Amino acid sequence: MPKGQTMEMISPELLEDCAQLVKANSIQENKLNNLNVVYTPWYNLRKTQSMDVGQVGFHNSKFVRTVRVETPKNEIVNRLNKTNTEETPDLKDAVVSVSLIYLQCFVLLANTFCTNQSASF
């Protein structure tokens, strides 16, 4: 979502598209009618080691919403699948970039610490 947008501002059409895609990509629920798709912000997801694979909980139930999918609409899923693109990120490049950022932060903190220590002597 764009910054500043709330869950209540999501259009019903977009919710329908997302719910249909979730339903279509679920092995168990793909053939079922009248099911609820649960959605929440990512920061509200809670996962513990004791949970099964694929199981999640929520930190705050106030942020949990559901949207009802009455029947599958293949035209929506087909339209969305046509726009699907898969990219393979360069993970080595990403690790190097993150490492450089951490190194820069460390050097900045070390310089600040040294400056403050020499001023106190």
# chains A, B, ... in the order shown; residues from 1 in each chain; ligands from 1
>>> select_by_dssp(residues="chain A", states="strand (DSSP E or B)", output="JSON, numbers by chain")
{"A": [35, 36, 37, 38, 39, 45, 46, 57, 58, 65, 66, 67, 68, 69]}
>>> residues_around(residues="Ala19 (chain A)", least_positions_apart="4", cutoff="10 Å", atoms="only C-alpha atoms", output="tab-separated table (two decimals) with all heavy atoms, in the first residue's frame")
chain	number	residue	atom	x	y	z
A	13	GLU	N	-12.71	-3.69	-5.37
A	13	GLU	CA	-12.25	-4.39	-6.58
A	13	GLU	C	-10.88	-5.02	-6.35
A	13	GLU	O	-10.62	-6.15	-6.76
A	13	GLU	CB	-12.21	-3.44	-7.78
A	13	GLU	CG	-13.56	-2.90	-8.20
A	13	GLU	CD	-14.04	-1.72	-7.36
A	13	GLU	OE1	-13.23	-1.11	-6.63
A	13	GLU	OE2	-15.25	-1.42	-7.42
A	14	LEU	N	-9.98	-4.26	-5.72
A	14	LEU	CA	-8.64	-4.78	-5.44
A	14	LEU	C	-8.71	-5.93	-4.45
A	14	LEU	O	-8.02	-6.94	-4.61
A	14	LEU	CB	-7.73	-3.66	-4.91
A	14	LEU	CG	-6.30	-4.06	-4.57
A	14	LEU	CD1	-5.59	-4.66	-5.78
A	14	LEU	CD2	-5.53	-2.88	-4.02
A	15	LEU	N	-9.54	-5.80	-3.44
A	15	LEU	CA	-9.71	-6.89	-2.47
A	15	LEU	C	-10.25	-8.15	-3.15
A	15	LEU	O	-9.79	-9.25	-2.87
A	15	LEU	CB	-10.66	-6.47	-1.35
A	15	LEU	CG	-10.06	-5.61	-0.25
A	15	LEU	CD1	-11.15	-5.19	0.73
A	15	LEU	CD2	-8.94	-6.31	0.46
A	23	LYS	N	-7.34	-17.63	-3.34
A	23	LYS	CA	-8.16	-18.84	-3.45
A	23	LYS	C	-7.65	-19.75	-4.57
A	23	LYS	O	-7.55	-20.96	-4.39
A	23	LYS	CB	-9.62	-18.46	-3.71
A	23	LYS	CG	-10.57	-19.63	-3.82
A	23	LYS	CD	-11.98	-19.12	-4.05
A	23	LYS	CE	-13.02	-20.15	-4.29
A	23	LYS	NZ	-12.67	-21.51	-4.30
A	24	ALA	N	-7.31	-19.16	-5.71
A	24	ALA	CA	-6.86	-19.95	-6.86
A	24	ALA	C	-5.52	-20.64	-6.58
A	24	ALA	O	-5.25	-21.71	-7.12
A	24	ALA	CB	-6.73	-19.05	-8.09
A	25	ASN	N	-4.70	-20.05	-5.73
A	25	ASN	CA	-3.38	-20.61	-5.44
A	25	ASN	C	-3.37	-21.50	-4.20
A	25	ASN	O	-2.31	-21.94	-3.76
A	25	ASN	CB	-2.34	-19.49	-5.30
A	25	ASN	CG	-2.02	-18.89	-6.63
A	25	ASN	OD1	-1.67	-19.60	-7.57
A	25	ASN	ND2	-2.17	-17.59	-6.75
A	35	LEU	N	-15.91	-19.02	1.01
A	35	LEU	CA	-14.87	-19.06	2.04
A	35	LEU	C	-14.37	-17.65	2.33
A	35	LEU	O	-14.52	-16.74	1.52
A	35	LEU	CB	-13.73	-19.99	1.63
A	35	LEU	CG	-12.81	-19.55	0.51
A	35	LEU	CD1	-11.49	-19.12	1.10
A	35	LEU	CD2	-12.59	-20.72	-0.42
A	36	ASN	N	-13.80	-17.49	3.51
A	36	ASN	CA	-13.26	-16.20	3.93
A	36	ASN	C	-11.76	-16.19	3.75
A	36	ASN	O	-11.07	-17.13	4.14
A	36	ASN	CB	-13.61	-15.92	5.39
A	36	ASN	CG	-15.07	-15.67	5.60
A	36	ASN	OD1	-15.72	-15.04	4.76
A	36	ASN	ND2	-15.61	-16.15	6.70
A	37	VAL	N	-11.25	-15.11	3.17
A	37	VAL	CA	-9.81	-14.89	3.04
A	37	VAL	C	-9.45	-13.84	4.08
A	37	VAL	O	-10.05	-12.76	4.14
A	37	VAL	CB	-9.42	-14.42	1.63
A	37	VAL	CG1	-7.95	-14.07	1.55
A	37	VAL	CG2	-9.77	-15.49	0.60
A	38	VAL	N	-8.49	-14.16	4.92
A	38	VAL	CA	-8.06	-13.27	6.00
A	38	VAL	C	-6.88	-12.44	5.53
A	38	VAL	O	-5.97	-12.95	4.88
A	38	VAL	CB	-7.66	-14.11	7.24
A	38	VAL	CG1	-7.16	-13.22	8.36
A	38	VAL	CG2	-8.82	-14.96	7.70
A	39	TYR	N	-6.88	-11.15	5.85
A	39	TYR	CA	-5.74	-10.30	5.53
A	39	TYR	C	-5.46	-9.34	6.68
A	39	TYR	O	-6.35	-9.00	7.45
A	39	TYR	CB	-5.93	-9.56	4.20
A	39	TYR	CG	-7.07	-8.56	4.16
A	39	TYR	CD1	-6.81	-7.20	4.28
A	39	TYR	CD2	-8.39	-8.96	3.98
A	39	TYR	CE1	-7.83	-6.27	4.22
A	39	TYR	CE2	-9.42	-8.04	3.93
A	39	TYR	CZ	-9.13	-6.69	4.04
A	39	TYR	OH	-10.14	-5.78	4.00
A	66	THR	N	-11.39	-9.75	6.99
A	66	THR	CA	-11.72	-10.88	6.11
A	66	THR	C	-12.51	-10.36	4.92
A	66	THR	O	-13.20	-9.34	4.99
A	66	THR	CB	-12.57	-11.95	6.82
A	66	THR	OG1	-13.78	-11.36	7.27
A	66	THR	CG2	-11.83	-12.57	7.98
A	67	VAL	N	-12.36	-11.07	3.82
A	67	VAL	CA	-13.15	-10.80	2.63
A	67	VAL	C	-13.72	-12.14	2.17
A	67	VAL	O	-13.04	-13.16	2.19
A	67	VAL	CB	-12.33	-10.10	1.53
A	67	VAL	CG1	-11.17	-10.94	1.07
A	67	VAL	CG2	-13.20	-9.69	0.36
A	68	ARG	N	-14.98	-12.14	1.81
A	68	ARG	CA	-15.68	-13.37	1.44
A	68	ARG	C	-15.55	-13.62	-0.06
A	68	ARG	O	-15.75	-12.71	-0.86
A	68	ARG	CB	-17.15	-13.24	1.81
A	68	ARG	CG	-17.94	-14.49	1.60
A	68	ARG	CD	-18.37	-14.98	2.93
A	68	ARG	NE	-19.23	-16.13	2.81
A	68	ARG	CZ	-19.04	-17.22	3.52
A	68	ARG	NH1	-18.04	-17.27	4.37
A	68	ARG	NH2	-19.83	-18.24	3.41
A	69	VAL	N	-15.22	-14.85	-0.41
A	69	VAL	CA	-15.17	-15.27	-1.81
A	69	VAL	C	-16.30	-16.27	-2.01
A	69	VAL	O	-16.24	-17.38	-1.48
A	69	VAL	CB	-13.80	-15.91	-2.17
A	69	VAL	CG1	-13.80	-16.35	-3.62
A	69	VAL	CG2	-12.67	-14.95	-1.89
A	72	PRO	N	-15.40	-19.05	-7.37
A	72	PRO	CA	-14.19	-18.69	-8.11
A	72	PRO	C	-14.54	-17.95	-9.39
A	72	PRO	O	-15.55	-18.25	-10.04
A	72	PRO	CB	-13.54	-20.05	-8.41
A	72	PRO	CG	-14.61	-21.05	-8.25
A	72	PRO	CD	-15.63	-20.48	-7.32
A	77	VAL	N	-8.62	-14.34	-12.22
A	77	VAL	CA	-7.34	-15.04	-12.03
A	77	VAL	C	-6.55	-15.05	-13.33
A	77	VAL	O	-5.34	-14.80	-13.33
A	77	VAL	CB	-7.59	-16.48	-11.52
A	77	VAL	CG1	-6.29	-17.25	-11.43
A	77	VAL	CG2	-8.28	-16.43	-10.17
>>> closest_residue(among="A:Asn60, A:Thr40, A:Thr85, A:Asn78", to="Thr6 (chain A)", atoms="only C-alpha atoms")
A:Thr40
>>> atom_distance(atom1="CA of Pro41 (chain A)", atom2="CA of Phe63 (chain A)")
7.2 Å
>>> select_by_dssp(residues="region 13-120 of chain A", states="alpha helix (DSSP H)", output="PyMOL selection string")
chain A and resi 13-24+74-82+91-120
>>> closest_residue(among="A:Gln49, A:Ser26, A:Asn44, A:Gln20", to="Glu75 (chain A)", atoms="only C-alpha atoms")
A:Gln20
>>> atom_distance(atom1="CA of Leu103 (chain A)", atom2="CA of Glu87 (chain A)")
28.1 Å
>>> atom_distance(atom1="CA of Met9 (chain A)", atom2="CA of Arg65 (chain A)")
12.7 Å
